[in-house]
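Listing of coords.cif, mmCIF, C-alpha atoms
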```cif
data_model
#
loop_
_atom_site.label_atom_id
_atom_site.label_comp_id
_atom_site.auth_asym_id
_atom_site.auth_seq_id
_atom_site.Cartn_x
_atom_site.Cartn_y
_atom_site.Cartn_z
CA MET A 1 75.57 92.97 99.01
CA ALA A 2 73.74 96.12 100.03
CA SER A 3 70.35 95.76 101.66
CA ALA A 4 67.71 95.62 98.96
CA ASP A 5 65.04 97.15 101.17
CA SER A 6 67.07 100.15 102.30
CA LYS A 7 64.83 103.23 102.20
CA ALA A 8 67.46 105.95 101.94
CA PRO A 9 68.43 107.10 98.43
CA PHE A 10 71.95 106.15 97.42
CA SER A 11 74.41 109.07 97.56
CA LEU A 12 78.12 109.63 97.05
CA ASP A 13 78.27 112.18 99.88
CA SER A 14 79.72 109.68 102.36
CA TYR A 15 82.57 108.69 100.05
CA TYR A 16 84.47 111.97 99.70
CA VAL A 17 83.73 112.30 96.00
CA SER A 18 83.91 115.96 95.00
CA GLU A 19 80.98 117.34 92.99
CA GLU A 20 83.44 119.34 90.88
CA LEU A 21 86.52 117.11 90.78
CA GLY A 22 85.40 113.54 91.44
CA PHE A 23 88.29 111.56 92.91
CA ILE A 24 90.83 114.33 92.21
CA LEU A 25 92.24 115.82 95.42
CA PRO A 26 90.93 119.42 95.65
CA GLU A 27 93.59 122.11 95.99
CA PRO A 28 96.63 119.96 96.83
CA LEU A 29 99.15 121.60 99.15
CA GLU A 30 102.38 122.85 97.64
CA GLU A 31 104.38 122.96 100.88
CA LEU A 32 104.74 120.89 104.03
CA PRO A 33 105.41 122.26 107.54
CA PRO A 34 109.00 123.60 107.85
CA TYR A 35 110.14 120.50 109.76
CA TYR A 36 109.77 118.50 106.53
CA GLN A 37 111.68 120.92 104.29
CA PRO A 38 114.54 118.40 103.84
CA TRP A 39 112.07 116.13 102.00
CA MET A 40 110.80 118.88 99.72
CA ASP A 41 114.31 120.19 99.01
CA VAL A 42 115.16 116.83 97.45
CA ALA A 43 111.76 115.97 95.94
CA LEU A 44 111.60 119.20 93.94
CA ARG A 45 114.99 118.42 92.34
CA ILE A 46 114.47 114.77 91.37
CA PRO A 47 114.98 115.12 87.58
CA GLU A 48 118.12 117.24 88.05
CA LEU A 49 119.61 114.96 90.72
CA VAL A 50 118.89 111.79 88.75
CA HIS A 51 120.55 113.31 85.69
CA SER A 52 123.68 114.11 87.73
CA HIS A 53 123.57 110.68 89.44
CA LYS A 54 123.38 112.41 92.83
CA LEU A 55 119.84 111.64 94.00
CA ARG A 56 120.83 108.60 96.05
CA SER A 57 123.59 110.49 97.84
CA HIS A 58 121.25 113.39 98.67
CA ILE A 59 118.62 111.02 100.03
CA ASN A 60 121.21 109.14 102.07
CA LYS A 61 122.08 112.44 103.77
CA MET A 62 118.48 113.35 104.69
CA PRO A 63 117.63 113.30 108.41
CA LEU A 64 115.27 110.63 109.71
CA LEU A 65 112.05 112.56 110.33
CA SER A 66 108.93 111.47 112.16
CA SER A 67 105.56 111.67 110.41
CA GLU A 68 103.77 112.66 113.65
CA PHE A 69 103.66 116.36 112.73
CA LEU A 70 101.64 115.67 109.59
CA GLN A 71 98.13 116.28 110.90
CA LYS A 72 95.90 116.99 107.91
CA HIS A 73 94.88 114.76 105.03
CA ARG A 74 96.37 117.05 102.38
CA GLU A 75 99.66 117.20 104.30
CA LEU A 76 99.79 113.41 104.27
CA ARG A 77 99.01 113.34 100.56
CA LEU A 78 101.82 115.76 99.68
CA ALA A 79 104.21 113.84 101.94
CA HIS A 80 103.28 110.56 100.25
CA LEU A 81 103.73 112.14 96.82
CA ALA A 82 107.18 113.49 97.71
CA LEU A 83 108.36 110.29 99.40
CA SER A 84 107.04 108.04 96.62
CA MET A 85 108.67 110.11 93.88
CA MET A 86 111.97 110.07 95.78
CA THR A 87 111.66 106.31 96.20
CA MET A 88 111.17 105.73 92.46
CA GLY A 89 114.13 107.96 91.67
CA TYR A 90 116.31 106.26 94.29
CA VAL A 91 115.56 102.76 93.03
CA TRP A 92 115.87 103.48 89.30
CA GLN A 93 118.51 106.25 89.23
CA GLU A 94 121.04 104.04 87.42
CA GLY A 95 118.55 102.17 85.24
CA GLU A 96 117.45 98.55 85.14
CA ASN A 97 120.90 97.02 85.60
CA ASN A 98 122.02 98.86 88.74
CA THR A 99 119.06 98.91 91.08
CA VAL A 100 119.24 98.83 94.88
CA GLU A 101 118.27 96.08 97.28
CA MET A 102 117.40 98.34 100.20
CA LEU A 103 115.65 101.67 100.71
CA PRO A 104 117.47 103.59 103.47
CA CYS A 105 115.59 104.01 106.75
CA ASN A 106 115.51 107.82 106.55
CA LEU A 107 113.25 107.36 103.51
CA SER A 108 111.61 103.98 104.12
CA VAL A 109 110.45 104.52 107.73
CA PRO A 110 108.53 107.79 107.21
CA PHE A 111 107.27 106.52 103.85
CA TRP A 112 105.87 103.43 105.57
CA GLU A 113 104.33 105.51 108.38
CA VAL A 114 102.60 107.90 105.98
CA SER A 115 101.42 105.00 103.81
CA GLN A 116 99.91 103.25 106.81
CA ARG A 117 98.06 106.37 107.89
CA LEU A 118 96.58 106.87 104.41
CA GLY A 119 95.95 103.22 103.62
CA PHE A 120 98.25 103.47 100.58
CA PRO A 121 101.01 101.06 99.56
CA PRO A 122 104.59 102.38 100.02
CA VAL A 123 105.15 102.93 96.30
CA LEU A 124 104.13 105.53 93.72
CA THR A 125 100.42 105.19 92.91
CA HIS A 126 97.90 106.78 90.58
CA ALA A 127 96.54 108.65 93.59
CA ASP A 128 99.97 110.26 94.04
CA GLY A 129 101.28 111.02 90.56
CA VAL A 130 97.92 112.10 89.11
CA LEU A 131 95.23 112.89 91.67
CA ALA A 132 97.38 114.83 94.15
CA ASN A 133 100.11 116.20 91.86
CA TRP A 134 98.70 119.33 90.27
CA LYS A 135 98.26 123.05 90.71
CA LYS A 136 96.86 125.89 88.64
CA LYS A 137 99.27 128.56 87.44
CA ASP A 138 96.40 131.04 87.65
CA PRO A 139 94.16 129.98 90.55
CA LYS A 140 91.15 131.59 88.85
CA GLY A 141 91.99 130.24 85.41
CA PRO A 142 90.65 127.17 83.60
CA PHE A 143 91.40 123.55 84.44
CA ASP A 144 93.32 122.80 81.25
CA MET A 145 96.79 121.88 80.05
CA GLU A 146 97.89 125.47 79.56
CA ASN A 147 97.03 126.41 83.15
CA LEU A 148 98.21 123.28 84.96
CA GLU A 149 101.59 122.18 86.23
CA LEU A 150 102.96 119.38 88.38
CA LEU A 151 103.99 119.72 92.00
CA VAL A 152 106.68 117.00 91.80
CA SER A 153 108.14 115.52 88.64
CA LEU A 154 110.30 112.67 87.34
CA PRO A 155 112.94 112.51 84.58
CA GLY A 156 111.40 113.08 81.17
CA GLY A 157 110.73 116.81 80.96
CA GLU A 158 107.53 117.98 79.29
CA SER A 159 106.45 114.43 78.49
CA VAL A 160 106.21 113.69 82.22
CA ARG A 161 104.07 116.76 82.68
CA GLY A 162 101.90 115.76 79.74
CA PHE A 163 101.53 112.17 80.87
CA PHE A 164 100.34 112.93 84.39
CA LEU A 165 98.21 115.96 83.51
CA VAL A 166 96.44 114.39 80.53
CA THR A 167 95.54 111.50 82.83
CA LEU A 168 94.25 114.08 85.30
CA LEU A 169 92.03 115.56 82.58
CA VAL A 170 90.63 112.10 81.86
CA GLU A 171 89.66 111.90 85.53
CA LEU A 172 88.04 115.31 85.30
CA ALA A 173 86.06 114.31 82.22
CA ALA A 174 84.57 111.43 84.24
CA VAL A 175 83.02 113.68 86.89
CA PRO A 176 79.59 114.01 85.20
CA ALA A 177 79.42 110.22 84.97
CA LEU A 178 80.25 109.87 88.65
CA ARG A 179 77.47 112.31 89.49
CA SER A 180 75.06 110.17 87.45
CA ILE A 181 75.80 106.95 89.33
CA PRO A 182 73.36 107.70 92.21
CA THR A 183 70.70 108.65 89.66
CA VAL A 184 71.08 105.29 87.92
CA ILE A 185 71.03 103.31 91.16
CA ASN A 186 68.05 105.15 92.61
CA GLY A 187 66.21 104.88 89.30
CA VAL A 188 66.80 101.13 89.21
CA ARG A 189 65.63 100.74 92.81
CA CYS A 190 62.36 102.56 92.16
CA GLY A 191 61.82 101.05 88.70
CA ASP A 192 62.01 104.37 86.81
CA THR A 193 63.55 103.18 83.56
CA GLU A 194 63.25 106.59 81.88
CA ILE A 195 65.46 108.22 84.53
CA VAL A 196 67.90 105.31 84.25
CA ALA A 197 68.11 105.68 80.48
CA ARG A 198 68.76 109.43 80.66
CA ALA A 199 71.46 108.95 83.29
CA LEU A 200 73.09 106.24 81.19
CA GLU A 201 73.15 108.65 78.25
CA ASP A 202 74.98 111.15 80.46
CA ILE A 203 77.46 108.45 81.47
CA SER A 204 77.97 107.48 77.84
CA GLN A 205 78.72 111.10 76.92
CA SER A 206 81.15 111.37 79.81
CA ILE A 207 82.97 108.24 78.68
CA GLN A 208 83.28 109.79 75.21
CA ASP A 209 84.70 112.96 76.80
CA MET A 210 87.22 110.79 78.67
CA THR A 211 88.24 109.19 75.39
CA ASP A 212 88.68 112.60 73.76
CA ALA A 213 90.80 113.80 76.70
CA LEU A 214 92.97 110.70 76.43
CA LYS A 215 93.80 111.59 72.83
CA LEU A 216 95.74 114.59 74.16
CA MET A 217 98.39 112.06 75.16
CA GLN A 218 99.47 112.04 71.50
CA VAL A 219 99.98 115.81 71.65
CA TYR A 220 101.75 116.19 74.98
CA VAL A 221 103.76 112.96 75.35
CA ASP A 222 106.69 111.99 73.14
CA PRO A 223 106.65 108.16 72.88
CA ALA A 224 110.44 108.06 72.58
CA VAL A 225 110.82 109.97 75.84
CA PHE A 226 108.19 107.88 77.58
CA TYR A 227 109.66 104.53 76.59
CA GLY A 228 113.30 105.63 76.68
CA LYS A 229 113.39 107.68 79.86
CA MET A 230 110.21 108.00 81.90
CA ARG A 231 108.68 104.54 81.87
CA ILE A 232 111.14 102.91 84.25
CA TYR A 233 110.30 105.37 87.04
CA LEU A 234 106.72 104.07 87.08
CA SER A 235 107.91 100.50 87.60
CA GLY A 236 107.51 98.66 90.87
CA TRP A 237 109.30 95.65 92.34
CA LYS A 238 106.70 92.95 92.06
CA ASP A 239 107.09 90.33 89.34
CA ASN A 240 109.83 92.51 87.92
CA PRO A 241 112.86 90.62 86.54
CA CYS A 242 115.03 93.66 87.26
CA MET A 243 114.26 93.25 90.97
CA PRO A 244 113.38 89.57 91.40
CA ASN A 245 113.67 89.70 95.20
CA GLY A 246 111.64 92.87 95.69
CA LEU A 247 112.88 95.77 97.84
CA MET A 248 113.98 95.86 101.47
CA TYR A 249 112.48 98.74 103.46
CA GLU A 250 115.16 99.32 106.09
CA GLY A 251 113.79 99.71 109.59
CA VAL A 252 110.35 98.48 108.54
CA GLN A 253 110.66 94.74 107.93
CA THR A 254 113.51 92.27 107.83
CA GLU A 255 112.40 90.71 104.54
CA PRO A 256 112.06 92.34 101.12
CA MET A 257 108.59 93.45 100.04
CA GLU A 258 107.01 93.52 96.59
CA TYR A 259 104.74 96.24 95.21
CA SER A 260 103.49 97.03 91.72
CA GLY A 261 104.09 100.53 90.43
CA GLY A 262 101.62 103.25 89.52
CA SER A 263 98.88 102.45 87.05
CA ALA A 264 95.85 104.41 85.90
CA ALA A 265 94.04 101.08 86.20
CA GLN A 266 94.10 101.93 89.92
CA SER A 267 91.69 104.75 89.14
CA SER A 268 88.67 104.57 91.43
CA LEU A 269 86.35 105.76 88.68
CA LEU A 270 87.04 102.74 86.45
CA HIS A 271 86.21 100.40 89.31
CA CYS A 272 82.97 102.30 89.97
CA PHE A 273 81.95 102.07 86.32
CA ASP A 274 82.75 98.37 86.26
CA GLU A 275 80.54 97.70 89.27
CA LEU A 276 77.71 99.85 87.92
CA LEU A 277 77.74 98.22 84.48
CA GLY A 278 78.44 94.70 85.69
CA VAL A 279 81.79 94.47 83.89
CA SER A 280 83.85 91.45 84.97
CA HIS A 281 87.51 91.01 84.08
CA GLU A 282 88.17 87.64 85.64
CA GLY A 283 89.71 85.25 83.18
CA ASN A 284 89.60 87.48 80.10
CA GLY A 285 93.04 89.03 80.45
CA ALA A 286 91.72 92.56 80.00
CA PHE A 287 92.17 93.73 83.57
CA PRO A 288 94.74 91.67 85.46
CA LYS A 289 94.31 91.33 89.21
CA GLU A 290 97.66 92.95 89.89
CA PHE A 291 96.34 96.25 88.47
CA CYS A 292 93.54 96.37 91.04
CA PRO A 293 94.44 98.47 94.09
CA ALA A 294 94.95 96.27 97.10
CA THR A 295 94.02 99.16 99.36
CA ASP A 296 91.74 102.14 99.19
CA LEU A 297 93.42 104.82 97.10
CA ARG A 298 91.03 107.58 98.04
CA SER A 299 91.21 107.92 101.81
CA PRO A 300 89.81 108.88 104.28
CA LYS A 301 87.49 105.94 104.70
CA PRO A 302 84.86 104.71 103.91
CA GLY A 303 86.60 104.30 100.62
CA LEU A 304 86.76 102.61 97.28
CA SER A 305 86.11 99.03 98.35
CA SER A 306 83.04 100.07 100.35
CA LEU A 307 81.78 102.29 97.54
CA CYS A 308 82.20 99.59 94.90
CA HIS A 309 80.43 97.08 97.14
CA LYS A 310 77.49 99.46 97.53
CA ILE A 311 77.27 100.10 93.79
CA ASP A 312 77.48 96.39 93.02
CA GLY A 313 74.76 95.62 95.54
CA TYR A 314 72.33 98.28 94.36
CA ALA A 315 72.74 98.64 90.61
CA GLN A 316 71.98 95.27 88.97
CA LEU A 317 72.25 97.03 85.61
CA PRO A 318 72.96 93.98 83.44
CA HIS A 319 69.56 92.55 84.42
CA GLN A 320 67.79 95.91 84.40
CA CYS A 321 69.02 96.89 80.96
CA SER A 322 68.18 93.52 79.44
CA GLN A 323 64.55 94.61 79.80
CA PRO A 324 62.93 97.14 77.42
CA LEU A 325 63.27 100.73 78.61
CA HIS A 326 60.71 103.46 78.07
CA HIS A 327 61.60 105.41 74.92
CA GLY A 328 61.06 109.03 75.88
CA PRO A 329 62.47 112.07 74.02
CA ARG A 330 65.94 111.54 75.55
CA CYS A 331 65.78 107.77 75.96
CA PRO A 332 66.76 106.30 72.61
CA GLY A 333 67.32 102.67 73.56
CA THR A 334 68.37 99.95 75.92
CA THR A 335 72.14 99.99 75.48
CA THR A 336 74.35 100.52 78.50
CA PRO A 337 77.59 102.50 78.06
CA GLN A 338 80.65 100.44 77.14
CA PRO A 339 83.97 102.03 78.16
CA GLU A 340 86.14 99.10 77.17
CA PRO A 341 87.24 99.67 73.54
CA GLU A 342 88.77 103.15 73.78
CA LEU A 343 89.66 103.56 77.45
CA ARG A 344 90.79 100.03 78.23
CA GLY A 345 92.56 99.02 75.09
CA GLY A 346 93.01 102.27 73.25
CA ASP A 347 94.35 102.18 69.73
CA GLY A 348 97.79 100.95 70.70
CA GLN A 349 99.25 104.43 70.42
CA GLN A 350 97.81 105.58 73.73
CA SER A 351 98.48 102.44 75.77
CA THR A 352 101.78 102.15 77.55
CA HIS A 353 103.40 99.42 79.56
CA SER A 354 106.27 99.32 81.98
CA PRO A 355 108.35 96.45 83.41
CA GLY A 356 106.94 94.41 86.25
CA GLY A 357 103.38 94.34 85.00
CA GLU A 358 102.35 97.84 86.08
CA GLY A 359 101.95 99.74 82.83
CA HIS A 360 100.59 103.13 83.83
CA ARG A 361 97.78 103.18 81.34
CA TRP A 362 94.10 103.55 80.68
CA LEU A 363 93.63 99.84 80.13
#
```

Can you turn what I pasted into structure tokens?
Amino acid sequence: MASADSKAPFSLDSYYVSEELGFILPEPLEELPPYYQPWMDVALRIPELVHSHKLRSHINKMPLLSSEFLQKHRELRLAHLALSMMTMGYVWQEGENNTVEMLPCNLSVPFWEVSQRLGFPPVLTHADGVLANWKKKDPKGPFDMENLELLVSLPGGESVRGFFLVTLLVELAAVPALRSIPTVINGVRCGDTEIVARALEDISQSIQDMTDALKLMQVYVDPAVFYGKMRIYLSGWKDNPCMPNGLMYEGVQTEPMEYSGGSAAQSSLLHCFDELLGVSHEGNGAFPKEFCPATDLRSPKPGLSSLCHKIDGYAQLPHQCSQPLHHGPRCPGTTTPQPEPELRGGDGQQSTHSPGGEGHRWL
């Protein structure tokens, strides 16, 4: 727990949270250094190559490249995105009944190296498919569906684009709430209940904006395409009956490894809100442990685990908000925001689930 007598105001500055974009990676790179062009040549053709059943053969022909020439954080993020998307396509190219037991070393070794440098698991994550997988068509234009496109895609056409980018807009809608977290914590620490109440109102509005953004999923994602084509490419190889033994990473380890696939439940912002509001998921089935990121998904460090620990140690909101708050002009009551009903469970139409327990969803 954080020191209760710490004098310095709590701030997000040390945790690489953008004032404008929150946990979204600012200005992701679109290209890697020329040495890595063989990766990008394949990654940018994944849907086409899966459709023609040629992705595995193209990956098998790639040279084994070292990750040592990736020097910058955004280079590593684009490399991890490309390698993770290729991995999902390689494993699931032929569907659930014709998976592979081993990832070839020309893919698995650099994927493992990049993952280790970032602190990511060697599988597609929310930090890859959503937070680092976007660009603006018009760099000066708005941050909306009409002006956004993916860097790397999966089979499923426009529904893939809609799925990842709507999730990105949910992250964007959370930014005002993230900015309010230090205000809440510092208000609690100094006993200023009026400031706490106003900040909680801002968080509540931001959660409503997230819910409204999530509803765009019904506009931009065809459920038949998601369930019939796209969903499998989000699946991992942990607790998955299609891959009961996991996946061997050739040249990395001699035994198969198990990893859950990408899930929006890995989103750092949901974990921050949970710690701030004192939300516990143990034993209630609402937020299974396997959805929690085992590693920090927003490197460089200090990262998510450290940030959540700080918030948990400072906030103490359940106790604070059980006491009467001052009712000023913008402080209507004592209720803390509750993100659970819409964002965690949805209405059934917005929640999705994929095999292996890693439904990529706002759960």

* Can you pull out every residue within 10 Å of Ser206 of chain A, counting all atoms listed in the file, but drop anything in the same chain fewer than 5 positions away, and send it as a list in words? =>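 These residues fall inside the cut-off: Val170, Leu172, Ala173, Ala174, Val175, Pro176, Ala177, Leu178, Ser180, Leu200, Glu201, Thr211, Asp212, Pro337 and Pro339 of chain A.
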
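Between Leu148 of chain A and the candidates A:Leu49, A:Leu118, A:Ala264, A:Leu169, the tightest atom-to-atom separation, counting all atoms listed in the file, involves A:Leu169.
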
* Using atom CA of Thr125 of chain A and atom CA of Asp202 of chain A as the two end points, give the distance in Å to one decimal. =>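 Atom CA of Thr125 of chain A sits 28.9 Å away from atom CA of Asp202 of chain A.
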
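We find atom CA of Val166 of chain A and atom CA of Pro26 of chain A to be spaced 16.9 Å apart.
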
* Measuring atom to atom with all atoms listed in the file, identify which of A:Gly157, A:Pro28, A:Pro182, A:Gly119 is nearest to Asp13 of chain A. =>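 Of A:Gly157, A:Pro28, A:Pro182, A:Gly119, the one nearest Asp13 of chain A is A:Pro182, counting all atoms listed in the file.
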
* Within 10 Å of Asn98 of chain A, counting only C-alpha atoms, which residues qualify if same-chain residues fewer than 4 places away don't, as a list of chain:residue names? -> A:Val91, A:Trp92, A:Gln93, A:Glu94, A:Cys242, A:Met243

* Starting from the shown file, work through the PyMOL selection byres ((chain A and resi 145) around 8) and note down what comes out as a PyMOL selection string. => chain A and resi 143-144+146-149+162+165-166

* Asked: What is the atom CA of Glu250 of chain A to atom CA of Val109 of chain A distance in Å?
  ->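 Going from atom CA of Glu250 of chain A over to atom CA of Val109 of chain A covers 7.2 Å.
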
* Matched chain/residue IDs from the PyMOL selection byres ((chain A and resi 183-186) around 6), as a ChimeraX atom specification -> /A:180-182,187-189,196,199,315

Go ahead and write the selection's residues with C-alpha atoms as a PDB file, in the coordinates of the input.
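out-v1.pdb, freshly written:
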```pdb
ATOM      1  CA  SER A 180      75.060 110.170  87.450  1.00  0.00           C
ATOM      2  CA  ILE A 181      75.800 106.950  89.330  1.00  0.00           C
ATOM      3  CA  PRO A 182      73.360 107.700  92.210  1.00  0.00           C
ATOM      4  CA  GLY A 187      66.210 104.880  89.300  1.00  0.00           C
ATOM      5  CA  VAL A 188      66.800 101.130  89.210  1.00  0.00           C
ATOM      6  CA  ARG A 189      65.630 100.740  92.810  1.00  0.00           C
ATOM      7  CA  VAL A 196      67.900 105.310  84.250  1.00  0.00           C
ATOM      8  CA  ALA A 199      71.460 108.950  83.290  1.00  0.00           C
ATOM      9  CA  ALA A 315      72.740  98.640  90.610  1.00  0.00           C
TER      10      ALA A 315
END
```

Edge lengths and centre, in Å to one decimal, as lines of an AutoDock Vina configuration file: that's what I need for the box along x, y and z that holds all listed atoms of segment 234-247 of chain A plus 8 Å on each side.
```
center_x = 110.9
center_y = 96.8
center_z = 92.2
size_x = 24.3
size_y = 30.5
size_z = 27.3
```

* If I put a ball of radius 8 Å at (118.4, 114.9, 95.2) in the file's coordinates, which residues poke into it when counting all atoms listed in the file, written as a list in words? ->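 Residues found, by chain and rising number: Asp41, Val42, Ala43, Arg45, Ile46, Glu48, Leu49, Val50, Lys54, Leu55, Arg56, Ser57, His58 and Ile59 of chain A.
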
* What do you get, as a ChimeraX atom specification, if you spell out every residue that the PyMOL selection byres ((chain A and resi 74) around 12) selects here? -> /A:24-33,70-73,75-81,114,118,128,131-133,298-300

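In terms of minimum interatomic distance to Val160 of chain A, A:Val221 ranks closest within A:Leu124, A:Leu44, A:Val221, A:Ile207, counting all atoms listed in the file.
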
* **Selected residue of minimal separation from Thr167 of chain A among A:Pro241, A:Pro155, A:Gly228, A:Gly129, counting all atoms listed in the file** =>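 Checking each of A:Pro241, A:Pro155, A:Gly228, A:Gly129 against Thr167 of chain A, counting all atoms listed in the file, the winner is A:Gly129.
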
* Counting only C-alpha atoms, the option among A:Arg231, A:Arg161, A:Lys215, A:Lys140 closest to Met88 of chain A ->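 Of all the options, A:Arg231 lies closest to Met88 of chain A.
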
* Asked: Between A:Gly95, A:Leu151, A:Val219, A:Leu103, which is the closest to Pro122 of chain A once you count all atoms listed in the file?
  ->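 Once distances to Pro122 of chain A are computed over all atoms listed in the file, the minimum belongs to A:Leu103.
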
* Asked: Skipping near chain neighbours, those fewer than 3 positions away, what residues fall within 9 Å of Leu64 of chain A using only C-alpha atoms, listed as a count of residues only?
  -> 5

So that I can look at just that part, could you write segment 169-183 of chain A with N, CA, C and O atoms, as an mmCIF file, in the first residue's frame?
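Ended up saving to decode.cif:
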```cif
data_model
loop_
_atom_site.group_PDB
_atom_site.id
_atom_site.type_symbol
_atom_site.label_atom_id
_atom_site.label_comp_id
_atom_site.auth_asym_id
_atom_site.auth_seq_id
_atom_site.Cartn_x
_atom_site.Cartn_y
_atom_site.Cartn_z
ATOM 1 N N LEU A 169 -12.302 3.774 -29.623
ATOM 2 C CA LEU A 169 -13.073 4.956 -29.250
ATOM 3 C C LEU A 169 -13.599 4.859 -27.822
ATOM 4 O O LEU A 169 -13.778 5.890 -27.159
ATOM 5 N N VAL A 170 -13.846 3.652 -27.346
ATOM 6 C CA VAL A 170 -14.218 3.485 -25.941
ATOM 7 C C VAL A 170 -13.050 3.910 -25.050
ATOM 8 O O VAL A 170 -13.233 4.589 -24.031
ATOM 9 N N GLU A 171 -11.839 3.506 -25.429
ATOM 10 C CA GLU A 171 -10.654 3.932 -24.687
ATOM 11 C C GLU A 171 -10.528 5.458 -24.693
ATOM 12 O O GLU A 171 -10.211 6.070 -23.662
ATOM 13 N N LEU A 172 -10.774 6.057 -25.835
ATOM 14 C CA LEU A 172 -10.661 7.508 -25.938
ATOM 15 C C LEU A 172 -11.687 8.203 -25.055
ATOM 16 O O LEU A 172 -11.384 9.228 -24.422
ATOM 17 N N ALA A 173 -12.898 7.660 -25.003
ATOM 18 C CA ALA A 173 -13.946 8.257 -24.183
ATOM 19 C C ALA A 173 -13.605 8.217 -22.702
ATOM 20 O O ALA A 173 -14.155 8.982 -21.909
ATOM 21 N N ALA A 174 -12.698 7.331 -22.313
ATOM 22 C CA ALA A 174 -12.316 7.197 -20.900
ATOM 23 C C ALA A 174 -11.273 8.206 -20.460
ATOM 24 O O ALA A 174 -11.005 8.326 -19.263
ATOM 25 N N VAL A 175 -10.679 8.937 -21.396
ATOM 26 C CA VAL A 175 -9.567 9.825 -21.053
ATOM 27 C C VAL A 175 -9.941 10.867 -19.999
ATOM 28 O O VAL A 175 -9.182 11.083 -19.046
ATOM 29 N N PRO A 176 -11.090 11.548 -20.096
ATOM 30 C CA PRO A 176 -11.435 12.504 -19.036
ATOM 31 C C PRO A 176 -11.510 11.854 -17.654
ATOM 32 O O PRO A 176 -11.137 12.475 -16.653
ATOM 33 N N ALA A 177 -11.991 10.624 -17.597
ATOM 34 C CA ALA A 177 -12.044 9.926 -16.308
ATOM 35 C C ALA A 177 -10.653 9.639 -15.785
ATOM 36 O O ALA A 177 -10.382 9.775 -14.586
ATOM 37 N N LEU A 178 -9.741 9.246 -16.663
ATOM 38 C CA LEU A 178 -8.364 9.008 -16.233
ATOM 39 C C LEU A 178 -7.743 10.284 -15.677
ATOM 40 O O LEU A 178 -7.037 10.253 -14.673
ATOM 41 N N ARG A 179 -8.019 11.401 -16.340
ATOM 42 C CA ARG A 179 -7.473 12.674 -15.862
ATOM 43 C C ARG A 179 -8.043 13.060 -14.500
ATOM 44 O O ARG A 179 -7.428 13.826 -13.747
ATOM 45 N N SER A 180 -9.229 12.544 -14.177
ATOM 46 C CA SER A 180 -9.869 12.887 -12.902
ATOM 47 C C SER A 180 -9.378 12.027 -11.746
ATOM 48 O O SER A 180 -9.619 12.371 -10.581
ATOM 49 N N ILE A 181 -8.706 10.919 -12.039
ATOM 50 C CA ILE A 181 -8.258 10.027 -10.966
ATOM 51 C C ILE A 181 -7.338 10.736 -9.972
ATOM 52 O O ILE A 181 -7.548 10.641 -8.754
ATOM 53 N N PRO A 182 -6.306 11.494 -10.414
ATOM 54 C CA PRO A 182 -5.484 12.204 -9.432
ATOM 55 C C PRO A 182 -6.280 13.211 -8.604
ATOM 56 O O PRO A 182 -6.001 13.397 -7.416
ATOM 57 N N THR A 183 -7.281 13.846 -9.229
ATOM 58 C CA THR A 183 -8.105 14.806 -8.487
ATOM 59 C C THR A 183 -8.849 14.110 -7.362
ATOM 60 O O THR A 183 -8.932 14.619 -6.234
#
```
